[in-house]
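Visitor: This one is target.txt, compact mmCIF, C-alpha atoms.
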# COMPACT_ATOMS: atom_id res chain seq x y z
CA MET A 1 136.53 85.09 98.93
CA ASN A 2 133.53 82.79 99.04
CA THR A 3 132.99 81.78 102.64
CA ASN A 4 130.05 79.51 101.95
CA PRO A 5 130.65 75.82 102.63
CA PRO A 6 131.61 73.77 99.58
CA THR A 7 128.99 71.62 97.98
CA LYS A 8 129.34 68.10 96.71
CA ILE A 9 129.77 69.29 93.15
CA GLU A 10 132.76 71.38 94.08
CA SER A 11 135.11 68.41 94.18
CA ASP A 12 138.00 70.41 92.82
CA PRO A 13 139.17 72.59 95.70
CA GLN A 14 142.15 73.87 93.72
CA LEU A 15 139.92 75.12 90.92
CA ASN A 16 137.46 76.68 93.33
CA ALA A 17 140.21 78.41 95.23
CA LEU A 18 141.52 79.82 91.99
CA LEU A 19 138.04 80.95 91.04
CA ASP A 20 137.71 82.76 94.34
CA GLU A 21 140.98 84.51 93.63
CA ALA A 22 140.21 85.22 89.98
CA LEU A 23 136.62 86.33 90.38
CA GLY A 24 136.51 87.60 93.94
CA TRP A 25 135.21 91.11 94.45
CA GLN A 26 138.41 92.12 96.21
CA SER A 27 140.30 91.79 92.92
CA VAL A 28 138.17 94.52 91.32
CA SER A 29 139.22 98.04 92.14
CA THR A 30 136.23 100.05 93.22
CA PRO A 31 135.86 103.59 91.85
CA ASP A 32 136.89 106.33 94.23
CA ASN A 33 134.14 107.58 96.51
CA LEU A 34 131.61 105.17 95.07
CA THR A 35 130.00 104.67 98.45
CA GLU A 36 129.74 108.39 99.12
CA ARG A 37 128.23 109.06 95.73
CA ILE A 38 125.65 106.37 96.28
CA ILE A 39 124.83 107.75 99.71
CA SER A 40 124.36 111.29 98.41
CA GLN A 41 122.12 110.00 95.64
CA THR A 42 119.95 107.83 97.82
CA VAL A 43 119.75 109.31 101.31
CA ASP A 44 116.94 111.69 100.37
CA ASN A 45 115.01 108.82 98.87
CA LEU A 46 115.49 106.94 102.11
CA GLU A 47 113.48 109.52 104.03
CA SER A 48 110.87 110.12 101.37
CA GLY A 49 110.49 106.44 100.72
CA HIS A 50 110.00 105.77 104.40
CA ARG A 51 107.40 108.52 104.74
CA HIS A 52 105.62 107.39 101.63
CA VAL A 53 105.43 103.83 102.85
CA VAL A 54 104.33 104.85 106.34
CA GLY A 55 101.69 107.25 105.02
CA ARG A 56 100.31 104.71 102.68
CA ILE A 57 100.07 102.15 105.41
CA ASN A 58 98.32 104.59 107.76
CA LEU A 59 95.84 105.77 105.20
CA ALA A 60 94.96 102.27 104.29
CA SER A 61 94.22 101.35 107.87
CA ARG A 62 92.22 104.40 108.97
CA PRO A 63 88.62 103.64 109.88
CA VAL A 64 87.64 106.96 108.32
CA TRP A 65 88.40 105.62 104.90
CA ALA A 66 86.37 102.52 105.56
CA ALA A 67 83.44 104.61 106.80
CA ALA A 68 83.71 106.97 103.84
CA PHE A 69 83.70 104.07 101.47
CA ALA A 70 80.68 102.55 103.17
CA ALA A 71 78.84 105.88 103.01
CA LEU A 72 79.65 106.17 99.34
CA VAL A 73 78.28 102.73 98.70
CA LEU A 74 75.07 103.51 100.57
CA LEU A 75 74.68 106.78 98.70
CA ALA A 76 75.15 105.08 95.39
CA ALA A 77 72.64 102.40 96.34
CA GLY A 78 70.12 104.99 97.44
CA ALA A 79 70.51 106.96 94.25
CA ALA A 80 70.07 103.83 92.21
CA MET A 81 66.89 102.92 94.07
CA TRP A 82 65.45 106.42 93.74
CA MET A 83 66.12 106.50 90.04
CA THR A 84 64.55 103.12 89.44
CA ILE A 85 61.28 103.65 91.41
CA PRO A 86 58.53 103.57 88.80
CA VAL A 87 56.19 106.56 88.63
CA GLN A 88 52.77 105.25 89.38
CA GLN A 89 50.19 106.51 87.02
CA MET A 90 46.51 106.17 87.78
CA SER A 91 44.79 104.39 85.05
CA PRO A 92 41.12 104.77 84.36
CA SER A 93 40.58 101.13 85.15
CA ASP A 94 42.23 101.36 88.53
CA MET A 95 39.39 101.29 91.02
CA PHE A 96 41.60 101.28 94.08
CA PHE A 97 41.57 104.95 94.85
CA THR A 98 39.77 107.25 97.21
CA TRP A 99 37.20 109.53 95.80
CA ASP A 100 38.17 112.24 98.12
CA ASP A 101 41.64 112.33 96.56
CA LYS A 102 40.25 113.17 93.20
CA THR A 103 39.09 116.50 92.04
CA GLU A 104 35.78 116.88 90.35
CA GLN A 105 37.44 117.32 87.04
CA GLU A 106 39.41 114.09 87.47
CA LEU A 107 36.24 112.24 88.49
CA GLU A 108 34.52 113.58 85.45
CA LEU A 109 37.17 112.28 83.15
CA LEU A 110 37.26 108.94 84.91
CA ALA A 111 33.52 108.60 84.53
CA LEU A 112 33.76 109.13 80.83
CA GLU A 113 36.49 106.57 80.50
CA ILE A 114 34.55 104.05 82.53
CA ASP A 115 31.57 104.49 80.27
CA GLU A 116 33.68 103.88 77.28
CA LEU A 117 35.20 100.80 78.86
CA GLN A 118 31.78 99.45 79.73
CA ILE A 119 30.58 99.89 76.24
CA ALA A 120 33.72 98.46 74.74
CA ASN A 121 33.80 95.46 77.01
CA ASN A 122 30.10 94.92 77.27
CA TRP A 123 30.18 94.98 81.01
CA ASP A 124 27.18 94.12 82.99
CA PRO A 125 27.35 96.54 85.87
CA VAL A 126 25.06 94.35 88.01
CA ARG A 127 27.13 91.20 88.08
CA SER A 128 30.15 92.01 90.17
CA ASP A 129 30.89 93.98 93.23
CA LEU A 130 33.21 96.04 91.25
CA ASP A 131 30.54 96.59 88.75
CA GLN A 132 28.14 97.53 91.52
CA GLU A 133 30.59 100.04 92.69
CA LEU A 134 30.86 101.34 89.22
CA THR A 135 27.12 101.58 89.02
CA GLN A 136 26.87 103.37 92.29
CA TRP A 137 29.63 105.63 91.27
CA ASP A 138 27.95 106.35 88.03
CA LEU A 139 24.79 107.07 89.91
CA GLY A 140 26.71 109.31 92.21
CA ILE A 141 28.21 111.17 89.35
CA ALA A 142 24.86 111.35 87.66
CA GLU A 143 23.31 112.73 90.77
CA ASN A 144 25.87 115.43 90.72
CA ASP A 145 25.08 116.15 87.11
CA LEU A 146 28.69 115.70 86.12
CA VAL A 147 27.78 114.01 82.90
CA THR A 148 24.81 116.12 81.96
CA GLU A 149 26.85 118.06 79.59
CA PHE A 150 27.55 114.87 77.74
CA MET B 1 132.81 97.11 107.85
CA ASP B 2 133.00 93.43 108.69
CA CYS B 3 131.45 91.66 105.76
CA THR B 4 131.08 88.46 107.72
CA ALA B 5 128.80 89.95 110.34
CA PRO B 6 126.15 87.52 111.46
CA ASP B 7 122.77 87.67 109.76
CA SER B 8 121.04 88.74 112.97
CA ARG B 9 123.04 91.94 112.97
CA LEU B 10 122.27 92.44 109.28
CA ASP B 11 118.56 92.06 110.04
CA GLN B 12 118.85 94.77 112.67
CA VAL B 13 120.60 97.09 110.25
CA LEU B 14 117.97 96.38 107.61
CA ALA B 15 115.18 97.11 110.03
CA LEU B 16 116.78 100.42 110.97
CA ALA B 17 117.35 101.35 107.34
CA ALA B 18 113.76 100.44 106.53
CA ALA B 19 112.71 102.80 109.29
CA GLY B 20 114.69 105.60 107.66
CA ASN B 21 117.87 105.46 109.72
CA GLU B 22 120.60 107.09 107.65
CA ASN B 23 123.53 105.51 109.47
CA ALA B 24 122.07 102.06 108.93
CA TRP B 25 121.67 102.80 105.25
CA ARG B 26 125.26 104.04 105.05
CA SER B 27 126.53 100.83 106.59
CA LEU B 28 124.55 98.78 104.09
CA VAL B 29 125.93 100.73 101.17
CA ALA B 30 129.47 100.51 102.51
CA ARG B 31 129.10 96.77 102.96
CA TYR B 32 127.69 95.90 99.58
CA SER B 33 128.61 98.61 97.08
CA ALA B 34 132.00 97.08 96.23
CA LYS B 35 130.50 93.62 95.81
CA VAL B 36 127.72 94.89 93.58
CA PHE B 37 130.18 96.90 91.50
CA ALA B 38 132.50 93.92 91.12
CA LEU B 39 129.63 91.64 90.11
CA ILE B 40 128.38 94.05 87.48
CA PHE B 41 131.89 94.75 86.25
CA ARG B 42 132.62 91.04 85.85
CA HIS B 43 129.60 90.80 83.59
CA CYS B 44 130.01 93.87 81.45
CA ARG B 45 133.74 94.67 81.71
CA ASP B 46 132.84 98.35 81.54
CA ARG B 47 133.70 100.38 84.63
CA GLU B 48 131.52 103.31 83.73
CA LEU B 49 128.53 101.10 83.04
CA ALA B 50 129.19 99.11 86.18
CA GLU B 51 129.22 102.27 88.24
CA GLU B 52 125.96 103.48 86.73
CA VAL B 53 124.26 100.17 87.30
CA THR B 54 125.56 99.98 90.86
CA GLN B 55 124.12 103.38 91.66
CA ALA B 56 120.84 102.48 89.98
CA THR B 57 120.72 99.30 92.03
CA PHE B 58 120.96 101.14 95.32
CA VAL B 59 118.45 103.74 94.19
CA LYS B 60 116.06 100.91 93.53
CA VAL B 61 116.87 99.28 96.84
CA VAL B 62 116.34 102.45 98.87
CA SER B 63 112.96 103.05 97.29
CA SER B 64 111.86 99.53 98.17
CA ILE B 65 113.57 98.93 101.47
CA GLY B 66 110.61 100.25 103.42
CA ARG B 67 108.61 97.32 102.12
CA TYR B 68 111.36 94.74 102.44
CA LYS B 69 110.30 92.07 104.90
CA GLU B 70 112.15 88.95 103.82
CA LEU B 71 114.73 89.01 106.53
CA GLY B 72 117.59 86.64 105.84
CA ARG B 73 117.28 86.97 102.05
CA PHE B 74 118.58 90.46 101.59
CA GLU B 75 121.65 89.48 99.59
CA SER B 76 119.62 87.40 97.16
CA TRP B 77 117.23 90.30 96.74
CA LEU B 78 120.03 92.86 96.34
CA PHE B 79 121.93 90.95 93.68
CA ARG B 80 118.74 90.07 91.85
CA ILE B 81 118.02 93.79 91.56
CA ALA B 82 121.60 94.36 90.39
CA MET B 83 121.34 91.70 87.69
CA ASN B 84 117.99 93.02 86.54
CA GLN B 85 119.32 96.57 86.41
CA LEU B 86 122.26 95.41 84.31
CA ARG B 87 119.99 93.48 81.99
CA ASP B 88 117.70 96.48 81.57
CA GLU B 89 120.63 98.78 80.98
CA MET B 90 122.15 96.45 78.42
CA ARG B 91 118.86 96.18 76.60
CA GLY B 92 118.51 99.90 76.63
CA ARG B 93 121.94 100.48 75.23
CA LYS B 94 121.64 97.50 72.88
CA ARG B 95 125.05 96.43 73.83
CA ARG B 96 126.41 93.02 74.46
CA ALA B 97 128.73 92.21 77.33
CA VAL B 98 132.35 92.09 76.19
CA SER B 99 133.69 88.67 76.80
CA ALA B 100 137.36 88.02 77.51
CA SER B 101 137.99 86.09 74.31
CA GLY B 102 136.73 83.42 72.03
CA LEU B 103 133.00 83.99 72.41
CA ILE B 104 131.49 84.68 69.04
CA ASP B 105 128.35 86.75 69.27
CA GLY B 106 127.44 85.22 72.63
CA SER B 107 127.37 81.67 71.39
CA GLU B 108 127.70 79.08 74.05
CA VAL B 109 130.78 76.94 74.41
CA THR B 110 129.35 73.53 73.65
CA GLU B 111 130.55 70.15 74.76
CA SER B 112 131.31 69.15 71.18
CA TRP B 113 133.52 72.20 70.77
CA LEU B 114 135.37 71.30 73.93
CA GLU B 115 135.88 67.75 72.76
CA ALA B 116 137.22 69.01 69.47
CA GLN B 117 139.68 71.20 71.28
CA ALA B 118 140.68 68.29 73.50
CA SER B 119 141.78 66.31 70.48
CA ILE B 120 144.45 68.94 69.71
CA SER B 121 146.66 67.79 72.51
CA GLN B 122 146.96 64.24 73.76
CA ASP B 123 149.93 64.87 76.06
CA PRO B 124 149.10 63.23 79.40
CA SER B 125 151.23 65.74 81.23
CA ASN B 126 148.64 68.35 80.39
CA HIS B 127 146.10 66.64 82.63
CA ASP B 128 146.99 69.19 85.30
CA PRO B 129 146.58 72.51 83.53
CA PHE B 130 148.31 74.56 86.19
CA HIS B 131 151.55 72.82 86.79
CA LEU B 132 153.55 74.80 84.26
CA VAL B 133 152.40 78.34 85.02
CA SER B 134 152.67 80.77 87.88
CA ARG B 135 149.84 81.62 90.18
CA GLY B 136 149.19 84.93 88.46
CA GLU B 137 149.11 83.26 85.09
CA GLN B 138 146.74 80.65 86.41
CA VAL B 139 144.38 83.36 87.57
CA GLU B 140 144.50 85.10 84.21
CA LEU B 141 143.94 81.82 82.40
CA LEU B 142 140.93 81.16 84.53
CA ARG B 143 139.45 84.61 83.99
CA GLU B 144 139.86 84.23 80.27
CA ALA B 145 138.23 80.83 80.40
CA VAL B 146 135.26 82.14 82.42
CA GLY B 147 134.79 84.86 79.84
CA ARG B 148 134.36 82.18 77.19
CA LEU B 149 131.49 80.50 78.98
CA SER B 150 127.88 81.21 78.24
CA GLU B 151 126.19 84.10 79.98
CA THR B 152 124.11 81.80 82.12
CA ASP B 153 127.17 79.87 83.28
CA GLN B 154 129.00 83.10 84.01
CA GLN B 155 126.05 84.28 86.08
CA VAL B 156 126.31 81.32 88.42
CA LEU B 157 130.08 81.61 88.77
CA TYR B 158 130.05 85.35 89.41
CA LEU B 159 127.26 85.10 91.97
CA ARG B 160 129.12 82.26 93.66
CA HIS B 161 132.66 83.61 93.63
CA THR B 162 132.26 87.38 93.22
CA ALA B 163 129.13 88.04 95.25
CA GLY B 164 129.85 85.15 97.61
CA LEU B 165 126.33 83.70 97.56
CA SER B 166 125.41 80.15 98.40
CA PHE B 167 123.78 78.09 95.70
CA ALA B 168 120.46 78.46 97.51
CA GLN B 169 120.85 82.23 97.42
CA ILE B 170 121.87 82.08 93.77
CA ALA B 171 118.71 80.12 93.01
CA GLU B 172 116.65 82.81 94.76
CA SER B 173 118.44 85.60 92.92
CA LEU B 174 117.94 84.01 89.53
CA ASN B 175 114.46 82.75 90.44
CA GLN B 176 115.41 79.25 89.39
CA PRO B 177 115.21 75.86 91.08
CA LEU B 178 118.17 74.94 93.26
CA GLY B 179 118.80 71.78 91.26
CA THR B 180 119.06 73.77 88.06
CA VAL B 181 121.60 76.11 89.59
CA LEU B 182 123.65 73.26 91.02
CA ALA B 183 123.68 71.46 87.68
CA ARG B 184 124.67 74.61 85.89
CA GLY B 185 127.48 75.25 88.35
CA HIS B 186 128.73 71.71 87.96
CA ARG B 187 128.72 71.94 84.18
CA ALA B 188 130.43 75.31 84.29
CA LEU B 189 133.25 73.91 86.38
CA GLY B 190 133.64 71.01 83.97
CA LYS B 191 133.83 73.34 81.02
CA LEU B 192 136.34 75.51 82.83
CA ARG B 193 138.65 72.58 83.49
CA LYS B 194 138.65 71.68 79.84
CA LEU B 195 139.06 75.25 78.68
CA VAL B 196 141.97 75.89 81.02
CA GLN B 197 143.53 72.62 79.96
CA GLN B 198 143.34 73.63 76.32
CA GLN B 199 144.65 77.11 76.99
CA ASP B 200 147.54 75.82 79.02
CA SER B 201 148.50 73.15 76.51
CA GLY B 202 149.12 75.79 73.85
CA PRO B 203 150.28 74.85 70.34
CA PRO B 204 151.85 71.45 69.81
CA PRO B 205 155.67 71.47 70.30
CA HIS B 206 157.85 71.59 67.18
CA PRO B 207 159.78 68.44 66.50
CA THR B 208 163.42 68.81 67.70
CA GLY B 209 164.89 66.26 65.34
CA GLY B 210 167.33 67.54 62.75
CA THR B 211 166.47 67.61 59.15
What do you get writing this file as structure tokens?

Guide:
Amino acid sequence: MNTNPPTKIESDPQLNALLDEALGWQSVSTPDNLTERIISQTVDNLESGHRHVVGRINLASRPVWAAAFAALVLLAAGAAMWMTIPVQQMSPSDMFFTWDDKTEQELELLALEIDELQIANNWDPVRSDLDQELTQWDLGIAENDLVTEF
Amino acid sequence: MDCTAPDSRLDQVLALAAAGNENAWRSLVARYSAKVFALIFRHCRDRELAEEVTQATFVKVVSSIGRYKELGRFESWLFRIAMNQLRDEMRGRKRRAVSASGLIDGSEVTESWLEAQASISQDPSNHDPFHLVSRGEQVELLREAVGRLSETDQQVLYLRHTAGLSFAQIAESLNQPLGTVLARGHRALGKLRKLVQQQDSGPPPHPTGGT
């Protein structure tokens, strides 16, 4: 029996009463033990479903997961930065180095390259400070007889 | 169990069932299993199928009840699941619901068909289709007439009169606007009146004059 209040469209109370009687759930015979069968089939899911939902909610709210995620992000960022740092290679034309950091062999090679650059570029070693440094350096190398072999 | 228990009590039972309380779940099943079975049976007219779908409905409900939070809309949610389970089952079996009579391959009873049937009998005494038959016969006539309606019209009638939902709840269950559901219910009642009128009028009386 429909206990909901009638609406305006239900202007035929006789028809609606008959519909309640014809279609009402009470007029359908329910299978024996339907409720018990449903209970036996679902009661285990009730517990597991509840635990699953609770667990999922707890895991989602734990600060540990947030901290782990943040750490993972930082680690990934650090790895990305480390992998993308360019390897600096000293070029022969790079004058911004300390002599003391270089071995004699490295200085020797650099001197040769500088000579070649000077010749190729027609540098005047007197004109610029950098050139003066080059000149002094050349003199220094010459004084040490590093180029005598050449 | 008292099926007219106030909604506040239902909300309490739902909350307990959502928390895993077995007794609360039992009371829910006891309260709604017969209604769900009747609703499904009205649609498919197959007791075995109706039982399977009813069980599947509650399996679905129990797996989701922990997340159910829309207090006050449980019945709409429950019967929506039931209708969806039936639809899925019917699709899977590739079967069509067996109508009571007259419905050819699920075709809808149209207004033009009803008007054509109305022209068969012009007897004004048939304006009241129930005056000549007993109550039981009236009920059977009506059931047969409902079975000849379209599936969408049947849905509204079964949810209204079998499941006992309000039109607002029916709209929620079917995920349709309330106005659409009300219009459909109104049209279904109109079709029913005409169908019952035609069924009750029967064949035209033979002339009694001698020959």

Visitor: Which residues come within 12 Å of B:Leu178, counting only C-alpha atoms, excluding same-chain residues fewer than 6 positions away, as an MDAnalysis selection string?

Guide: chainID B and resid 156 166:172 184:185

Visitor: Find the residue from B:Lys194, B:Arg47, B:Arg160, B:Arg93 that sits nearest to B:Ser76; use all atoms listed in the file when measuring.

Guide: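 Closest candidate: B:Arg160.
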
Visitor: If I take atom CA of A:Thr35 and atom CA of B:Asp88, how far is one from the other in Å, to one decimal?

Guide: 22.4 Å

Visitor: As JSON, numbers by chain, could you give me every residue of chain B near chain A (at most 7 Å apart, counting all atoms listed in the file)?

Guide: {"B": [18, 19, 20, 22, 26, 29, 30, 33, 34, 35, 38, 55, 59, 62, 63, 66, 139, 142, 143, 158, 160, 161, 162, 163, 164, 166, 186]}

Visitor: Could the residues in this selection be written to a file with C-alpha atoms, as an mmCIF file, in the coordinates of the input?

Guide:
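Listed below is the output, again-v8.cif:
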data_model
loop_
_atom_site.group_PDB
_atom_site.id
_atom_site.type_symbol
_atom_site.label_atom_id
_atom_site.label_comp_id
_atom_site.auth_asym_id
_atom_site.auth_seq_id
_atom_site.Cartn_x
_atom_site.Cartn_y
_atom_site.Cartn_z
ATOM 1 C CA ALA B 18 113.760 100.440 106.530
ATOM 2 C CA ALA B 19 112.710 102.800 109.290
ATOM 3 C CA GLY B 20 114.690 105.600 107.660
ATOM 4 C CA GLU B 22 120.600 107.090 107.650
ATOM 5 C CA ARG B 26 125.260 104.040 105.050
ATOM 6 C CA VAL B 29 125.930 100.730 101.170
ATOM 7 C CA ALA B 30 129.470 100.510 102.510
ATOM 8 C CA SER B 33 128.610 98.610 97.080
ATOM 9 C CA ALA B 34 132.000 97.080 96.230
ATOM 10 C CA LYS B 35 130.500 93.620 95.810
ATOM 11 C CA ALA B 38 132.500 93.920 91.120
ATOM 12 C CA GLN B 55 124.120 103.380 91.660
ATOM 13 C CA VAL B 59 118.450 103.740 94.190
ATOM 14 C CA VAL B 62 116.340 102.450 98.870
ATOM 15 C CA SER B 63 112.960 103.050 97.290
ATOM 16 C CA GLY B 66 110.610 100.250 103.420
ATOM 17 C CA VAL B 139 144.380 83.360 87.570
ATOM 18 C CA LEU B 142 140.930 81.160 84.530
ATOM 19 C CA ARG B 143 139.450 84.610 83.990
ATOM 20 C CA TYR B 158 130.050 85.350 89.410
ATOM 21 C CA ARG B 160 129.120 82.260 93.660
ATOM 22 C CA HIS B 161 132.660 83.610 93.630
ATOM 23 C CA THR B 162 132.260 87.380 93.220
ATOM 24 C CA ALA B 163 129.130 88.040 95.250
ATOM 25 C CA GLY B 164 129.850 85.150 97.610
ATOM 26 C CA SER B 166 125.410 80.150 98.400
ATOM 27 C CA HIS B 186 128.730 71.710 87.960
#

Visitor: What does the structure give for the distance between atom CA of B:Leu39 and atom CA of B:Ser134, in Å to one decimal?

Guide: 25.6 Å

Visitor: Can you tell me how far atom CA of B:Lys60 sits from atom CA of B:Ala82, in Å to one decimal?

Guide: 9.1 Å
